[in-house]
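Below is one structure, written out as structure tokens; comments come after it.
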Amino acid sequence: MRNEPATLEETNGLIAHMIEKRNNFLQSEISRYPKRAFTCSDIHECDRYMIHSLLDWDKRELHDEGLQAIFDAGKREEENVKHRLGYELGLEFVEQQSPFEIKNNQGEVIASGRIDGKILWEGKAIPVEIKSMNENSFNMINSLDDFKKKPLYRKYLRQMQLYLYGNNQQYGIFILSNFRTEKIILVELDYGECEYILSRLERLWEMKKRGEYPEGTYKPELCDRCPFATLCMADVNNKPADMINNEELEEKLNRREELAAAAKEYKELDEEVKTVFKSIPHAFVGQSFEITGKEQIRKSVDTKAIPEEVRKQYEKETSCWITKIKKI
Amino acid sequence: MCNTTEQNEIVAMPAPANNVDMTEDILAAANIRVAQLEKIVSLSIRRTNENDWVNQQGKPYLCASGAEKIARLFGVCWKNVKCEKIYSNDEQGQFYYFEYTGDFMLGKDIISAVGTCSQKDQFFAMSKGQMKPASEIDETNIRKAAFSNMLVNGITRILGIRNLTWEELKSGGIDQSKVQGVDYKTKKDHSNDMPENPVDWVEWLKKQENPKLYYGIIKNSAAAQDIKSACFNIMYPKNGGAQ
């Protein structure tokens with residue numbers, strides 16, 4: 001090692017080397033494998049995808065280095081979570097990555113999977129599936145219902161149902177990680193849902209045996225990143241955006257945009273100055289401002305304190321329209 | 001223009017719009033069409049970002065990701081997509097290419113578009129200046145590229161947004177310097193492009209769109225250290241280095 005400081009080109013040389021080596025490493029990890037049966041962790045909502053995944057596994061479009069890096073990080077985080085469960089909580093993790101199979105009534109293996117593991121608790125082994133995710137998703141998911149919001153997370157639900165079914169278990173837990181903390185969500189075997197998944201798999205298995213592809217229906221949220229898009233070739237029906245020519249409306253939108261920064265600053269300042277005057281009934285600032293304040297008692301219901309079973313009785317779904325405005 | 005009645009009486013018929021009026025109608029329609037096209041171009045570019053474009057040997061090229069965004073904006077639809085793997089021959093032997101065809105629709109307009117990509121495509125087939133053996137080329141990449149080419153062709157042609165310039169992209173908020181470059185030349189080709197005398201390299205590099213391509217050649221050359229340093233400073237300016 002020379003005792004001279006590194007030059008700009010030497011440092012940039014190191015950066016270029018690191019990027020190239022990292023990409024090469026990630027590329028070397030990307031591959032595809034033959035599939036003989038459906039994979040429990042990849043029960044897609046599209047029937048056509050399911051058939052392609054078995055019959056055309058060798059033509060599946062490979063993912064990129066960025067996604068591979070996410071997969072790698074997920075695998076490492078799974079180990080970290082297991083380590084924390086064992087080292088910090090003293091729990092024993094057993095049957096890690098133990099395989100299981102699901103057969104049809106003819107005894108054919110139609111789906112297979114591996115469960116992350118089971119935790120020994122009071123003499124019983126409880127199935128556990130660990131999922132790491134980015135901060136936004138982690139914050140979004142707080143219950144099983146939240147999993148239904150996106151196709152990827154809906155896959156997690158189907159995966160867990162098949163794990164419980166395949167392992168003859170009534171209950172299991174999801175451990176969600178944002179790479180710092182964990183969130184634990186209880187899952188119960190849902191016989192109705194499981195029956196639906198299994199009958200769908202059986203139907204698709206028969207189609208696979210006949211080499212038959214179901215009709216493809218374009219759904220942007222499922223199809224846009226599909227690794228079989230070049231084989232599926234489904235008709236795409238895009239609905240055009242409404243083109244509104246209304247100068248007055250456009251002017252109002254422009255004005256709204258201009259005011260956005262000022263409105264934000266106003267809100268922040270309003271909160272800041274009102275904090276200063278908390279508990280002060282009457283004050284003057286310089287010769288320009290008079291400030292008055294008084295304590296008010298407001299009645300409210302602490303909904304969080306209501307037992308969940310009671311709260312659920314009063315839950316109702318209402319439709320709402322969310323409008324997002326973005327300046328382009 | 002005239003016509004005859006039953007009594008063979010000559011009756012004057014109202015004259016159709018004269019030539020001047022017709023020309024004006026056509027011009028007015030054309031002006032409306034031009035204004036509409038300008039709006040389509042402007043909205044299309046604004047719908048995309050720098051990641052949806054590549055700098056292909058100095059020209060902006062729309063990627064499939066950008067084309068799909070634009071298609072959704074204007075409601076471009078496609079159907080009857082077909083794929084064919086076609087074998088062909090040249091002096092180097094047999095090779096294949098994928099050809100995708102599909103019908104693209106916008107309102108009542110419909111066109112047919114084609115997208116192809118060959119096993120010999122430089123982007124997939126070349127490695128260190130040599131053609132890769134067929135076993136090392138991932139066929140799905142070639143298939144995907146042909147499919148993407150068809151999408152981009154179909155969507156840009158039906159909307160009339162082909163051959164856009166960097167100026168048009170700039171007015172739509174696309175920063176050319178943030179657009180990834182694609183250069184199919186090999187390292188050997190790069191060295192051939194460079195001036196023979198290293199003294200001329202600095203000025204020459206300043207004119208290159210992607211000076212980083214020449215990093216290896218300059219690093220391994222016998223040029224004086226101060227010339228190398230000046231070249232590297234152009235490749236990696238202090239306020240922003242490697243990506």
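Ordered as shown in the structure tokens, chains take letters A, B, and onward, while each chain numbers its residues from 1 and ligands are numbered from 1 in the order shown.
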Problem set entry | Counting only C-alpha atoms, chain B residues within 6 Å of chain A, as number ranges by chain | B: 46, 72-79, 81, 140, 232
Exercise. Per DSSP on the backbone, what are the strand (DSSP E or B) residues of region 1-135 of chain A, as a PyMOL selection string?
Worked result: chain A and resi 38-39+92-94+98-103+109-115+117-121+124-132
For this session: Find the residues around Ile119 (chain A) up to 10 Å (only C-alpha atoms counted), leave out those fewer than 2 positions away in its own chain, and share them as JSON, numbers by chain.
Result: {"A": [82, 85, 86, 91, 92, 93, 94, 95, 96, 117, 121, 122, 123, 124, 125, 126, 127, 128, 172, 173]}
Serialized selection, C-alpha atoms, as a PDB file, in the first residue's frame:
ATOM      1  CA  LYS A  82     -34.437 -16.187  12.379  1.00  0.00           C
ATOM      2  CA  LEU A  85     -35.935 -14.936  17.029  1.00  0.00           C
ATOM      3  CA  GLY A  86     -33.402 -17.435  18.303  1.00  0.00           C
ATOM      4  CA  LEU A  91     -37.213 -19.350  20.294  1.00  0.00           C
ATOM      5  CA  GLU A  92     -36.326 -22.519  18.450  1.00  0.00           C
ATOM      6  CA  PHE A  93     -36.772 -22.472  14.699  1.00  0.00           C
ATOM      7  CA  VAL A  94     -37.324 -25.968  13.265  1.00  0.00           C
ATOM      8  CA  GLU A  95     -38.096 -27.644   9.933  1.00  0.00           C
ATOM      9  CA  GLN A  96     -36.488 -24.789   8.037  1.00  0.00           C
ATOM     10  CA  GLY A 117     -39.863 -22.863   9.090  1.00  0.00           C
ATOM     11  CA  TRP A 121     -43.937 -23.159  21.233  1.00  0.00           C
ATOM     12  CA  GLU A 122     -45.323 -25.088  24.189  1.00  0.00           C
ATOM     13  CA  GLY A 123     -44.563 -28.374  22.488  1.00  0.00           C
ATOM     14  CA  LYS A 124     -46.215 -27.409  19.172  1.00  0.00           C
ATOM     15  CA  ALA A 125     -44.606 -26.294  15.918  1.00  0.00           C
ATOM     16  CA  ILE A 126     -46.260 -23.190  14.456  1.00  0.00           C
ATOM     17  CA  PRO A 127     -45.625 -22.442  10.731  1.00  0.00           C
ATOM     18  CA  VAL A 128     -43.902 -19.149   9.992  1.00  0.00           C
ATOM     19  CA  GLY A 172     -49.594 -19.813  11.185  1.00  0.00           C
ATOM     20  CA  ILE A 173     -47.893 -16.452  11.327  1.00  0.00           C
TER      21      ILE A 173
END
Problem set entry | Minimum-distance residue to Lys206 (chain B), chosen among B:Ile40, B:Met194, B:Ala224, B:Cys231 (using only C-alpha atoms) |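 That would be B:Cys231, the residue with the smallest distance to Lys206 (chain B).
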For this session: Using only C-alpha atoms, determine which residues lie at most 10 Å from Cys83 (chain B), disregarding the query and same-chain residues fewer than 5 positions distant; provide the list as an NGL selection string.
Result: (:A and (230-231 or 233)) or (:B and (98-102 or 114-116 or 143 or 146-147))
Exercise. What is the distance, in Å and to one decimal place, between CA of Pro151 (chain A) and CA of Arg32 (chain A)?
Worked result: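 CA of Pro151 (chain A) sits 21.9 Å away from CA of Arg32 (chain A).
Interatomic distance, CA of Lys267 (chain A) to CA of Gln287 (chain A): 23.5 Å.
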For this session: Pick out the closest residue to Arg36 (chain A) from this set: A:Asn105, A:Ser143, A:Asn3, A:Ser112. Count only C-alpha atoms.
Result: A:Ser112
For this session: Work out how far apart CA of Asp146 (chain A) and CA of Leu186 (chain A) are and give it in Å to one decimal.
Result: 12.9 Å
Exercise. Do you know which residues are at most 6 Å from region 158-164 of chain A counting only C-alpha atoms, after dropping those on the same chain fewer than 6 positions away, and could you put them as a ChimeraX atom specification?
Worked result: /A:40-41,189
Store the residues picked out above in a file with C-alpha atoms, as a PDB file, in the first residue's frame.
ATOM      1  CA  CYS A  40     -47.041 -22.526  -3.855  1.00  0.00           C
ATOM      2  CA  SER A  41     -45.221 -19.200  -3.589  1.00  0.00           C
ATOM      3  CA  LEU A 189     -56.598 -21.661   7.566  1.00  0.00           C
TER       4      LEU A 189
END
Would you pick out the contacts of Glu78 (chain A) at 8 Å or less, using only C-alpha atoms, so that residues sharing its chain but fewer than 4 positions from it are not included, and give the list as a PDB file with C-alpha atoms, in the first residue's frame?
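The resulting file, out.pdb, is shown below:
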ATOM      1  CA  GLY A  74     -34.709 -10.866   1.241  1.00  0.00           C
ATOM      2  CA  LYS A  82     -34.437 -16.187  12.379  1.00  0.00           C
ATOM      3  CA  ILE A 130     -40.975 -14.390   6.722  1.00  0.00           C
ATOM      4  CA  LYS A 131     -41.454 -11.599   4.193  1.00  0.00           C
ATOM      5  CA  SER A 132     -39.164  -8.614   3.911  1.00  0.00           C
TER       6      SER A 132
END
Exercise. Any idea what's packed within 9 Å of Asn142 (chain A), counting only C-alpha atoms, ignoring anything in its chain fewer than 3 positions away? Could you give it as number ranges by chain?
Worked result: A: 138-139, 145-147, 183-185
For this session: Just list the residues in region 34-63 of chain B DSSP gives alpha helix (DSSP H) on the backbone, as a list in words.
Result: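 For region 34-63 of chain B, the alpha helix (DSSP H) set is Val34, Ala35, Gln36, Leu37, Glu38, Lys39, Ile40, Val41, Ser42, Leu43, Ser44, Ile45, Arg46 and Arg47 of chain B.
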Deliver the residues from the most recent selection as a file, using C-alpha atoms, as a PDB file, in the first residue's frame.
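part35.pdb written:
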ATOM      1  CA  VAL B  34     -50.761  20.049 -36.888  1.00  0.00           C
ATOM      2  CA  ALA B  35     -51.926  21.577 -33.612  1.00  0.00           C
ATOM      3  CA  GLN B  36     -53.284  18.190 -32.525  1.00  0.00           C
ATOM      4  CA  LEU B  37     -50.043  16.457 -33.458  1.00  0.00           C
ATOM      5  CA  GLU B  38     -48.012  19.026 -31.540  1.00  0.00           C
ATOM      6  CA  LYS B  39     -50.198  18.401 -28.529  1.00  0.00           C
ATOM      7  CA  ILE B  40     -49.774  14.645 -28.902  1.00  0.00           C
ATOM      8  CA  VAL B  41     -45.988  15.033 -29.107  1.00  0.00           C
ATOM      9  CA  SER B  42     -45.873  17.369 -26.121  1.00  0.00           C
ATOM     10  CA  LEU B  43     -48.137  15.223 -23.917  1.00  0.00           C
ATOM     11  CA  SER B  44     -46.360  12.039 -24.979  1.00  0.00           C
ATOM     12  CA  ILE B  45     -42.961  13.359 -23.968  1.00  0.00           C
ATOM     13  CA  ARG B  46     -44.272  14.760 -20.705  1.00  0.00           C
ATOM     14  CA  ARG B  47     -45.788  11.374 -19.850  1.00  0.00           C
TER      15      ARG B  47
END
